[in-house]
$ cat start.csv   # CSV, C-alpha atoms
chain,number,residue,atom,x,y,z
A,1,MET,CA,3.5,-67.0,15.6
A,2,LYS,CA,-0.1,-65.9,15.2
A,3,LYS,CA,0.1,-64.1,18.7
A,4,THR,CA,3.2,-62.2,17.6
A,5,PHE,CA,1.4,-61.2,14.4
A,6,TYR,CA,-1.5,-59.8,16.4
A,7,ILE,CA,0.8,-57.9,18.7
A,8,LEU,CA,2.6,-56.3,15.7
A,9,ALA,CA,-0.7,-55.5,14.0
A,10,ILE,CA,-2.1,-53.8,17.1
A,11,GLY,CA,1.2,-51.9,17.6
A,12,LEU,CA,1.1,-50.7,14.0
A,13,LEU,CA,-2.5,-49.6,14.4
A,14,VAL,CA,-1.6,-47.6,17.5
A,15,LEU,CA,1.2,-45.9,15.7
A,16,ILE,CA,-1.2,-45.0,12.8
A,17,LEU,CA,-3.8,-43.6,15.3
A,18,ILE,CA,-1.1,-41.6,17.1
A,19,GLY,CA,0.2,-40.2,13.8
A,20,GLY,CA,-3.3,-39.3,12.7
A,21,SER,CA,-4.0,-37.6,16.0
A,22,LEU,CA,-0.8,-35.5,15.7
A,23,SER,CA,-1.7,-34.7,12.1
A,24,CYS,CA,-5.2,-33.6,13.2
A,25,GLY,CA,-3.7,-31.6,16.0
A,26,SER,CA,-1.5,-29.6,13.7
A,27,SER,CA,-4.4,-28.8,11.4
A,28,THR,CA,-6.5,-27.5,14.2
A,29,GLN,CA,-3.8,-25.4,15.8
A,30,THR,CA,-5.0,-21.8,16.3
A,31,PHE,CA,-3.1,-18.5,16.1
A,32,LYS,CA,-3.9,-15.1,17.5
A,33,TRP,CA,-2.1,-12.1,16.0
A,34,ARG,CA,-2.2,-8.4,16.5
A,35,MET,CA,-2.2,-6.1,13.5
A,36,VAL,CA,-0.7,-2.6,14.0
A,37,THR,CA,-1.7,0.0,11.4
A,38,SER,CA,-0.9,3.5,10.3
A,39,TRP,CA,-4.6,4.5,10.2
A,40,THR,CA,-7.2,6.2,12.4
A,41,SER,CA,-10.6,4.7,12.6
A,42,ASP,CA,-12.1,7.2,10.1
A,43,ASN,CA,-9.6,6.1,7.4
A,44,ILE,CA,-10.9,3.8,4.7
A,45,HIS,CA,-7.5,2.2,4.5
A,46,TYR,CA,-8.4,0.9,8.0
A,47,THR,CA,-12.1,0.2,7.7
A,48,LYS,CA,-12.2,-1.1,4.1
A,49,ALA,CA,-8.8,-2.8,3.9
A,50,ALA,CA,-7.1,-3.6,7.2
A,51,VAL,CA,-10.2,-4.7,9.1
A,52,ALA,CA,-11.7,-6.4,6.0
A,53,ILE,CA,-8.5,-8.5,5.6
A,54,CYS,CA,-8.6,-9.6,9.2
A,55,ASN,CA,-12.3,-10.6,8.9
A,56,ARG,CA,-11.7,-12.5,5.7
A,57,VAL,CA,-8.7,-14.5,7.2
A,58,LYS,CA,-10.8,-15.5,10.2
A,59,GLN,CA,-13.7,-16.6,8.0
A,60,LEU,CA,-11.5,-18.6,5.5
A,61,SER,CA,-9.5,-20.2,8.3
A,62,ASP,CA,-12.6,-21.1,10.3
A,63,GLY,CA,-11.2,-19.2,13.3
A,64,ARG,CA,-7.8,-20.9,13.2
A,65,LEU,CA,-6.0,-17.6,12.4
A,66,VAL,CA,-7.5,-14.6,14.3
A,67,ILE,CA,-6.0,-11.2,13.6
A,68,GLU,CA,-7.1,-8.2,15.8
A,69,PRO,CA,-6.5,-4.9,14.0
A,70,TYR,CA,-5.5,-1.8,16.0
A,71,THR,CA,-5.6,1.9,15.0
A,72,ALA,CA,-2.6,4.1,14.9
A,73,GLY,CA,-1.4,4.9,18.4
A,74,SER,CA,-3.2,2.0,20.1
A,75,ILE,CA,0.0,-0.1,20.3
A,76,VAL,CA,2.5,1.9,18.2
A,77,GLY,CA,2.4,5.2,16.3
A,78,ALA,CA,1.5,5.5,12.6
A,79,MET,CA,5.1,5.8,11.6
A,80,GLU,CA,6.4,2.9,13.8
A,81,VAL,CA,4.4,0.1,12.2
A,82,PHE,CA,7.3,-1.3,10.1
A,83,ASP,CA,9.7,-1.4,13.0
A,84,ALA,CA,7.1,-3.0,15.2
A,85,VAL,CA,6.5,-5.8,12.8
A,86,SER,CA,10.2,-6.2,11.9
A,87,LYS,CA,11.1,-6.7,15.6
A,88,GLY,CA,8.1,-8.9,16.4
A,89,THR,CA,6.3,-6.4,18.7
A,90,ALA,CA,3.3,-7.3,16.5
A,91,GLU,CA,3.0,-10.2,14.1
A,92,ILE,CA,1.4,-8.2,11.3
A,93,GLY,CA,0.9,-4.6,10.1
A,94,HIS,CA,-1.0,-2.6,7.6
A,95,SER,CA,0.7,0.6,6.2
A,96,TRP,CA,2.3,2.2,3.2
A,97,PRO,CA,5.8,1.6,1.9
A,98,GLY,CA,6.5,5.3,1.3
A,99,TYR,CA,6.6,5.9,5.1
A,100,TRP,CA,10.0,4.1,5.4
A,101,LEU,CA,12.2,6.1,3.1
A,102,ASP,CA,14.4,7.1,6.0
A,103,LYS,CA,15.7,3.5,5.8
A,104,GLU,CA,16.2,3.1,2.1
A,105,GLN,CA,15.0,4.9,-1.0
A,106,SER,CA,13.9,1.7,-2.7
A,107,PHE,CA,10.8,1.6,-0.5
A,108,GLU,CA,9.2,4.3,-2.7
A,109,LEU,CA,9.3,2.0,-5.8
A,110,PHE,CA,6.9,-0.4,-4.1
A,111,THR,CA,4.2,2.1,-3.7
A,112,SER,CA,4.3,5.1,-6.1
A,113,ILE,CA,6.5,7.7,-7.7
A,114,PRO,CA,5.5,10.4,-10.1
A,115,ASP,CA,5.0,9.5,-13.8
A,116,GLN,CA,5.2,5.8,-13.1
A,117,MET,CA,2.8,2.9,-12.5
A,118,ILE,CA,-0.9,3.4,-13.0
A,119,LEU,CA,-3.7,1.4,-11.4
A,120,GLN,CA,-3.9,-1.8,-13.5
A,121,GLU,CA,-0.1,-2.0,-14.0
A,122,TRP,CA,0.5,-2.8,-10.3
A,123,LEU,CA,-1.5,-6.0,-10.5
A,124,VAL,CA,0.2,-7.1,-13.8
A,125,TRP,CA,3.7,-6.1,-12.7
A,126,LEU,CA,3.4,-7.8,-9.3
A,127,TYR,CA,1.9,-11.1,-10.4
A,128,GLY,CA,2.6,-11.3,-14.1
A,129,PRO,CA,5.8,-12.4,-15.9
A,130,SER,CA,7.8,-9.6,-14.3
A,131,ARG,CA,7.1,-11.0,-10.8
A,132,GLY,CA,7.5,-7.7,-9.0
A,133,ILE,CA,6.2,-9.4,-5.9
A,134,ASP,CA,9.5,-11.4,-5.7
A,135,LEU,CA,11.6,-8.2,-5.8
A,136,TRP,CA,9.3,-6.8,-3.1
A,137,ARG,CA,9.9,-9.8,-0.9
A,138,GLU,CA,13.6,-9.9,-1.6
A,139,PHE,CA,13.9,-6.4,-0.4
A,140,TYR,CA,11.8,-6.8,2.8
A,141,ALA,CA,13.4,-10.1,3.8
A,142,LYS,CA,16.5,-8.3,5.2
A,143,TYR,CA,14.2,-6.5,7.6
A,144,ASN,CA,12.7,-9.8,8.8
A,145,VAL,CA,9.4,-9.0,7.0
A,146,ILE,CA,7.3,-10.5,4.2
A,147,PRO,CA,5.0,-8.1,2.3
A,148,PHE,CA,1.6,-8.5,0.6
A,149,PRO,CA,-0.7,-6.0,-1.1
A,150,GLY,CA,-2.8,-4.2,1.4
A,151,GLY,CA,-5.1,-2.0,-0.8
A,152,LEU,CA,-4.7,-0.8,-4.4
A,153,ASP,CA,-5.6,2.8,-5.2
A,154,GLY,CA,-6.1,4.6,-8.5
A,155,SER,CA,-5.1,8.2,-9.1
A,156,GLU,CA,-5.2,10.5,-6.1
A,157,PHE,CA,-7.4,13.5,-5.9
A,158,GLY,CA,-4.6,16.1,-6.1
A,159,PHE,CA,-3.1,18.8,-3.9
A,160,PHE,CA,-5.4,20.4,-1.3
A,161,THR,CA,-4.5,24.1,-0.7
A,162,ASN,CA,-6.1,27.4,0.4
A,163,LYS,CA,-4.7,29.3,-2.6
A,164,PRO,CA,-5.1,28.4,-6.2
A,165,VAL,CA,-2.2,26.5,-7.8
A,166,ARG,CA,-2.3,26.6,-11.6
A,167,THR,CA,1.3,26.7,-12.6
A,168,LEU,CA,4.5,25.1,-11.2
A,169,ASP,CA,5.6,28.6,-10.0
A,170,ASP,CA,2.6,28.6,-7.6
A,171,PHE,CA,4.2,25.8,-5.6
A,172,LYS,CA,7.2,28.1,-4.7
A,173,ASP,CA,7.5,28.9,-1.0
A,174,MET,CA,4.6,26.7,0.0
A,175,ARG,CA,5.0,24.3,2.9
A,176,LEU,CA,3.4,21.0,1.7
A,177,ARG,CA,2.7,17.6,3.2
A,178,VAL,CA,3.9,15.1,0.7
A,179,PRO,CA,6.2,12.0,0.9
A,180,GLY,CA,8.6,10.3,-1.4
A,181,LEU,CA,10.0,11.3,-4.7
A,182,ALA,CA,7.2,13.8,-5.2
A,183,ALA,CA,8.6,15.7,-2.3
A,184,GLU,CA,12.0,15.9,-4.0
A,185,VAL,CA,10.4,17.2,-7.2
A,186,LEU,CA,8.5,19.9,-5.2
A,187,LYS,CA,11.8,21.0,-3.5
A,188,GLU,CA,13.3,21.6,-6.9
A,189,LEU,CA,10.2,23.8,-7.7
A,190,GLY,CA,10.9,25.9,-4.6
A,191,ALA,CA,8.5,24.3,-2.1
A,192,THR,CA,9.2,23.1,1.4
A,193,THR,CA,8.0,19.6,2.2
A,194,VAL,CA,7.2,17.7,5.4
A,195,GLN,CA,6.1,14.2,6.4
A,196,ILE,CA,3.0,14.1,8.6
A,197,ALA,CA,1.0,11.0,9.6
A,198,PRO,CA,-2.4,10.7,7.9
A,199,GLY,CA,-4.4,11.3,11.0
A,200,ASP,CA,-2.5,14.5,11.8
A,201,ILE,CA,-3.0,16.2,8.4
A,202,LYS,CA,-6.3,18.0,9.1
A,203,ALA,CA,-5.1,19.4,12.4
A,204,ALA,CA,-1.8,20.6,10.7
A,205,MET,CA,-3.9,22.5,8.2
A,206,GLN,CA,-6.1,24.0,10.8
A,207,ARG,CA,-3.1,25.2,12.8
A,208,GLY,CA,-1.4,26.7,9.7
A,209,ASP,CA,1.6,24.4,10.0
A,210,ILE,CA,1.3,23.5,6.3
A,211,ASP,CA,-0.1,25.3,3.3
A,212,GLY,CA,-1.3,22.2,1.5
A,213,PHE,CA,-1.2,18.4,1.3
A,214,GLU,CA,-1.9,15.4,-0.8
A,215,TYR,CA,-3.3,12.1,0.5
A,216,SER,CA,-5.6,9.8,-1.4
A,217,ALA,CA,-8.6,9.3,-3.7
A,218,PRO,CA,-11.8,11.4,-3.3
A,219,SER,CA,-13.6,8.5,-1.5
A,220,VAL,CA,-10.8,8.3,1.1
A,221,ASP,CA,-10.2,12.1,1.4
A,222,TRP,CA,-13.8,12.9,2.1
A,223,ALA,CA,-14.0,10.5,5.0
A,224,MET,CA,-10.9,12.3,6.5
A,225,GLY,CA,-12.8,15.6,6.4
A,226,PHE,CA,-10.3,17.4,4.2
A,227,GLN,CA,-13.1,19.4,2.5
A,228,GLU,CA,-13.3,21.4,5.8
A,229,VAL,CA,-9.7,22.6,5.7
A,230,ALA,CA,-9.0,23.5,2.1
A,231,SER,CA,-10.6,25.5,-0.7
A,232,TYR,CA,-8.8,24.2,-3.8
A,233,VAL,CA,-7.6,21.0,-5.3
A,234,THR,CA,-5.0,20.9,-8.1
A,235,LEU,CA,-5.1,18.1,-10.7
A,236,PRO,CA,-3.8,15.9,-12.3
A,237,SER,CA,-2.4,13.6,-9.6
A,238,TRP,CA,1.1,13.7,-11.0
A,239,HIS,CA,2.7,13.0,-7.7
A,240,GLN,CA,0.8,9.6,-7.3
A,241,PRO,CA,-0.8,8.2,-10.4
A,242,SER,CA,-1.7,5.2,-8.3
A,243,ALA,CA,-0.5,3.6,-5.1
A,244,ILE,CA,-0.5,0.4,-3.2
A,245,ALA,CA,-0.7,-0.1,0.6
A,246,GLU,CA,1.0,-3.0,2.3
A,247,VAL,CA,0.3,-5.9,4.6
A,248,ILE,CA,3.6,-6.8,6.3
A,249,VAL,CA,4.2,-9.9,8.4
A,250,ASN,CA,7.0,-10.7,10.7
A,251,LEU,CA,9.0,-13.6,9.1
A,252,ASP,CA,9.4,-15.5,12.3
A,253,ALA,CA,5.6,-15.5,12.9
A,254,TRP,CA,5.0,-16.3,9.2
A,255,ASP,CA,7.3,-19.4,9.4
A,256,LYS,CA,5.2,-20.8,12.3
A,257,LEU,CA,2.1,-20.9,10.2
A,258,PRO,CA,1.1,-24.1,8.5
A,259,ASP,CA,1.0,-23.9,4.7
A,260,ASP,CA,-2.8,-23.7,4.5
A,261,LEU,CA,-3.0,-20.7,6.7
A,262,LYS,CA,-0.2,-19.0,4.8
A,263,ALA,CA,-2.2,-19.6,1.6
A,264,ILE,CA,-5.3,-18.2,3.3
A,265,LEU,CA,-3.6,-15.0,4.4
A,266,GLU,CA,-2.1,-14.4,1.0
A,267,ALA,CA,-5.4,-15.1,-0.7
A,268,ALA,CA,-7.2,-12.7,1.6
A,269,CYS,CA,-4.7,-9.9,0.9
A,270,LYS,CA,-5.1,-10.3,-2.8
A,271,GLU,CA,-8.9,-10.6,-2.6
A,272,ILE,CA,-9.5,-7.6,-0.4
A,273,SER,CA,-6.7,-5.4,-1.7
A,274,MET,CA,-7.2,-5.9,-5.4
A,275,VAL,CA,-10.9,-6.6,-5.6
A,276,ASP,CA,-13.1,-5.4,-2.7
A,277,TYR,CA,-11.1,-2.4,-1.6
A,278,LEU,CA,-10.3,-1.3,-5.1
A,279,ALA,CA,-13.9,-1.8,-6.3
A,280,TYR,CA,-15.2,0.3,-3.4
A,281,THR,CA,-12.8,3.2,-3.7
A,282,GLU,CA,-12.8,3.4,-7.5
A,283,GLY,CA,-16.5,2.9,-7.6
A,284,SER,CA,-17.2,5.6,-5.1
A,285,ASN,CA,-14.8,8.3,-6.4
A,286,ALA,CA,-17.3,9.9,-8.8
A,287,GLU,CA,-19.8,10.2,-6.0
A,288,PHE,CA,-17.3,11.8,-3.7
A,289,LEU,CA,-15.8,14.0,-6.3
A,290,ASP,CA,-19.3,15.5,-6.7
A,291,LYS,CA,-19.6,15.9,-3.0
A,292,PHE,CA,-16.4,17.9,-2.9
A,293,ILE,CA,-17.6,20.1,-5.8
A,294,GLN,CA,-21.0,20.6,-4.1
A,295,TYR,CA,-19.2,21.5,-0.9
A,296,GLY,CA,-17.5,24.3,-2.7
A,297,ILE,CA,-14.0,22.9,-3.5
A,298,LYS,CA,-12.6,24.6,-6.6
A,299,ILE,CA,-10.5,22.4,-9.0
A,300,ASN,CA,-7.5,23.7,-10.9
A,301,VAL,CA,-5.6,21.8,-13.6
A,302,LEU,CA,-1.9,22.1,-14.4
A,303,ASP,CA,-1.1,22.6,-18.1
A,304,THR,CA,0.7,20.0,-20.3
A,305,ASN,CA,4.0,21.8,-20.1
A,306,ALA,CA,4.0,21.6,-16.3
A,307,ILE,CA,3.5,17.8,-16.5
A,308,GLU,CA,6.3,17.4,-19.0
A,309,LYS,CA,8.7,19.3,-16.7
A,310,ILE,CA,7.6,17.2,-13.7
A,311,SER,CA,8.3,14.0,-15.7
A,312,ASP,CA,11.8,15.2,-16.7
A,313,ILE,CA,12.6,16.0,-13.1
A,314,THR,CA,11.3,12.7,-11.8
A,315,ASN,CA,13.2,10.6,-14.3
A,316,ARG,CA,16.4,12.5,-13.6
A,317,LEU,CA,16.1,12.1,-9.8
A,318,ALA,CA,15.2,8.4,-10.2
A,319,ASP,CA,18.2,7.8,-12.5
A,320,GLU,CA,20.5,9.6,-9.9
A,321,LYS,CA,19.2,7.2,-7.2
A,322,ALA,CA,19.6,4.2,-9.4
A,323,ALA,CA,23.2,5.2,-10.1
A,324,LYS,CA,23.9,5.0,-6.3
A,325,ASP,CA,21.9,2.0,-5.4
A,326,PRO,CA,22.0,-1.3,-7.4
A,327,PHE,CA,18.7,-2.7,-5.9
A,328,TYR,CA,16.9,0.6,-6.7
A,329,ALA,CA,18.3,0.3,-10.2
A,330,LYS,CA,17.1,-3.3,-10.5
A,331,VAL,CA,13.5,-2.5,-9.5
A,332,LEU,CA,13.4,0.7,-11.6
A,333,GLU,CA,14.6,-1.2,-14.6
A,334,SER,CA,12.0,-3.9,-14.1
A,335,GLN,CA,9.2,-1.4,-13.8
A,336,ARG,CA,10.3,0.7,-16.8
A,337,ASP,CA,10.8,-2.4,-19.0
A,338,PHE,CA,7.4,-3.7,-18.0
A,339,ARG,CA,5.7,-0.4,-18.7
A,340,ASN,CA,7.3,-0.1,-22.1
A,341,ASN,CA,6.1,-3.5,-23.1
A,342,TYR,CA,2.7,-3.4,-21.5
A,343,ARG,CA,1.9,0.1,-22.8
A,344,THR,CA,2.7,-1.1,-26.3
A,345,TRP,CA,0.0,-3.7,-25.9
A,346,GLU,CA,-2.4,-1.1,-24.2
A,347,LEU,CA,-2.0,1.1,-27.3
A,348,TRP,CA,-3.3,-1.7,-29.6
A,349,SER,CA,-5.8,-3.3,-27.2
A,350,ASP,CA,-7.6,0.1,-26.8
A,351,TYR,CA,-7.2,1.1,-30.4
A,352,LYS,CA,-10.3,2.9,-31.7
A,353,LEU,CA,-12.3,1.6,-28.7
A,354,TYR,CA,-12.0,4.9,-26.8
A,355,PRO,CA,-11.7,8.5,-28.0

$ encode --input "start.csv" --output "structure tokens"
Amino acid sequence: MKKTFYILAIGLLVLILIGGSLSCGSSTQTFKWRMVTSWTSDNIHYTKAAVAICNRVKQLSDGRLVIEPYTAGSIVGAMEVFDAVSKGTAEIGHSWPGYWLDKEQSFELFTSIPDQMILQEWLVWLYGPSRGIDLWREFYAKYNVIPFPGGLDGSEFGFFTNKPVRTLDDFKDMRLRVPGLAAEVLKELGATTVQIAPGDIKAAMQRGDIDGFEYSAPSVDWAMGFQEVASYVTLPSWHQPSAIAEVIVNLDAWDKLPDDLKAILEAACKEISMVDYLAYTEGSNAEFLDKFIQYGIKINVLDTNAIEKISDITNRLADEKAAKDPFYAKVLESQRDFRNNYRTWELWSDYKLYP
């Protein structure tokens, strides 16, 4: 009887050791991913966001999840990132939702439309009671993709042109690089709009293919060399009061990650996108605005009546899309309801604190 007991005890111990070994093996499993991006190496979206996220994931995971970032064109083109991740050509990508409007109009609501979300509202809408992140993930899931924030920007610099733009009539007959709903607004104002990858904008201006363009905040635009190809900037940034880039992950690759690596990747995206990247760009914008002015860029400002007209056009166009697309309507309603509630609080929280 005692001999049988010892045999059973030893067998149980072996099973425990095997189980522990398997458990340890799963916790030390390593993953190597490729990140395709829409950015050239001189783009801060690449250097301060995409690369930084990869580095942070490697650090937090102690090398268990290693992501190698690639510039646009290294594996796929700038405008092919979403499809590459969706199909599994690459496990992960870094880009901007507004580039995929040829698929569905709802993509634009997860990055920026005129007269809509401003900087801090993105964070609160995505992760606060509205849970906009759940709507984002619901939408992307049908493309076999899960999204995360990839870099939060405040207001853009404005439209770069080589002729002064002071009124809405000045946009007429211009050929402008601008994506999304802002492009539709400009078409109603008589402009022609085109979509051009970020890395091709400067060359398009130099060749005369376009008369003007918008891109990002001063800290980003300066690094792209846009001061060399335009003489004027028109403010305010009505076309993009803020924007958010995206990290997109292939769902099949995501499902293979253990829970701790999933948590690390999500945490790194939040940290870099909404703290480090945001702090750098917003903290540097005043310096780079001054550089643009010192370089000789002249700044023009649209009048209040122009902004009101743009707002009216934007709301009408968005309502027309919502009437045709139930999901677009669902997201638009969520954002509008959130803004109405949140801005009521903003009014009181800032009361008499600022002029």

$ atom_distance --input "start.csv" --atom1 "CA of Asp252 in chain A" --atom2 "CA of Leu109 in chain A"
25.2 Å

$ atom_distance --input "start.csv" --atom1 "CA of Trp100 in chain A" --atom2 "CA of Ala263 in chain A"
26.9 Å

$ closest_atom_pairs --input "start.csv" --of "range 186-278 of chain A" --to "range 138-150 of chain A" --cutoff "10 Å" --atoms "only C-alpha atoms" --output "tab-separated table"
residue	atom	partner	partner_atom	distance
A:Ile244	CA	A:Pro149	CA	6.7
A:Ala245	CA	A:Gly150	CA	4.7
A:Glu246	CA	A:Gly150	CA	4.1
A:Val247	CA	A:Gly150	CA	4.8
A:Ile248	CA	A:Pro147	CA	4.4
A:Val249	CA	A:Ile146	CA	5.3
A:Asn250	CA	A:Val145	CA	4.7
A:Leu251	CA	A:Val145	CA	5.1
A:Asp252	CA	A:Asn144	CA	7.5
A:Ala253	CA	A:Val145	CA	9.6
A:Trp254	CA	A:Ile146	CA	8.0
A:Leu265	CA	A:Phe148	CA	9.2
A:Glu266	CA	A:Phe148	CA	7.0
A:Ala267	CA	A:Phe148	CA	9.7
A:Ala268	CA	A:Gly150	CA	9.6
A:Cys269	CA	A:Pro149	CA	5.9
A:Lys270	CA	A:Pro149	CA	6.4
A:Glu271	CA	A:Pro149	CA	9.5
A:Ile272	CA	A:Gly150	CA	7.7
A:Ser273	CA	A:Gly150	CA	5.1
A:Met274	CA	A:Pro149	CA	7.8
A:Tyr277	CA	A:Gly150	CA	9.0

$ residues_near_point --input "start.csv" --point "(-14.6, 13.1, -3.4)" --cutoff "9 Å" --atoms "all atoms listed in the file" --output "mmCIF file with C-alpha atoms, in the frame of the given file"
data_model
loop_
_atom_site.group_PDB
_atom_site.id
_atom_site.type_symbol
_atom_site.label_atom_id
_atom_site.label_comp_id
_atom_site.auth_asym_id
_atom_site.auth_seq_id
_atom_site.Cartn_x
_atom_site.Cartn_y
_atom_site.Cartn_z
ATOM 1 C CA PHE A 157 -7.400 13.500 -5.900
ATOM 2 C CA ALA A 217 -8.600 9.300 -3.700
ATOM 3 C CA PRO A 218 -11.800 11.400 -3.300
ATOM 4 C CA SER A 219 -13.600 8.500 -1.500
ATOM 5 C CA VAL A 220 -10.800 8.300 1.100
ATOM 6 C CA ASP A 221 -10.200 12.100 1.400
ATOM 7 C CA TRP A 222 -13.800 12.900 2.100
ATOM 8 C CA ALA A 223 -14.000 10.500 5.000
ATOM 9 C CA GLN A 227 -13.100 19.400 2.500
ATOM 10 C CA SER A 284 -17.200 5.600 -5.100
ATOM 11 C CA ASN A 285 -14.800 8.300 -6.400
ATOM 12 C CA ALA A 286 -17.300 9.900 -8.800
ATOM 13 C CA GLU A 287 -19.800 10.200 -6.000
ATOM 14 C CA PHE A 288 -17.300 11.800 -3.700
ATOM 15 C CA LEU A 289 -15.800 14.000 -6.300
ATOM 16 C CA ASP A 290 -19.300 15.500 -6.700
ATOM 17 C CA LYS A 291 -19.600 15.900 -3.000
ATOM 18 C CA PHE A 292 -16.400 17.900 -2.900
ATOM 19 C CA ILE A 293 -17.600 20.100 -5.800
#

$ residues_around --input "start.csv" --residues "range 236-242 of chain A" --least-positions-apart "3" --cutoff "8 Å" --atoms "only C-alpha atoms" --output "list of chain:residue names"
A:Ser112, A:Ile113, A:Pro114, A:Asp115, A:Gln116, A:Met117, A:Ile118, A:Leu119, A:Leu152, A:Asp153, A:Gly154, A:Ser155, A:Glu156, A:Phe157, A:Gly158, A:Phe159, A:Ala182, A:Val301, A:Leu302, A:Ile307, A:Ile310

$ atom_distance --input "start.csv" --atom1 "CA of Trp125 in chain A" --atom2 "CA of Ala52 in chain A"
24.2 Å

$ residues_around --input "start.csv" --residues "Tyr99 in chain A" --least-positions-apart "5" --cutoff "9 Å" --atoms "all atoms listed in the file" --output "PyMOL selection string"
chain A and resi 79+82+107-108+179-180+195+197

$ write_last_selection --input "start.csv" --atoms "C-alpha atoms" --output "PDB file, in the coordinates of the input"
ATOM      1  CA  MET A  79       5.100   5.800  11.600  1.00  0.00           C
ATOM      2  CA  PHE A  82       7.300  -1.300  10.100  1.00  0.00           C
ATOM      3  CA  PHE A 107      10.800   1.600  -0.500  1.00  0.00           C
ATOM      4  CA  GLU A 108       9.200   4.300  -2.700  1.00  0.00           C
ATOM      5  CA  PRO A 179       6.200  12.000   0.900  1.00  0.00           C
ATOM      6  CA  GLY A 180       8.600  10.300  -1.400  1.00  0.00           C
ATOM      7  CA  GLN A 195       6.100  14.200   6.400  1.00  0.00           C
ATOM      8  CA  ALA A 197       1.000  11.000   9.600  1.00  0.00           C
TER       9      ALA A 197
END

$ residues_around --input "start.csv" --residues "Phe110 in chain A" --least-positions-apart "4" --cutoff "8 Å" --atoms "only C-alpha atoms" --output "number ranges by chain"
A: 97-98, 106, 136, 244

$ closest_residue --input "start.csv" --among "A:Met205, A:Leu168, A:Ala318, A:Leu261" --to "Leu235 in chain A" --atoms "all atoms listed in the file"
A:Leu168

$ axis_aligned_box --input "start.csv" --around "range 165-174 of chain A" --padding-each-side "8 Å" --output "AutoDock Vina command-line options"
--center_x 2.6 --center_y 27.0 --center_z -6.3 --size_x 25.8 --size_y 19.8 --size_z 28.6

$ closest_residue --input "start.csv" --among "A:Ile133, A:Ala306, A:Leu176, A:Val124" --to "Asp211 in chain A" --atoms "only C-alpha atoms"
A:Leu176
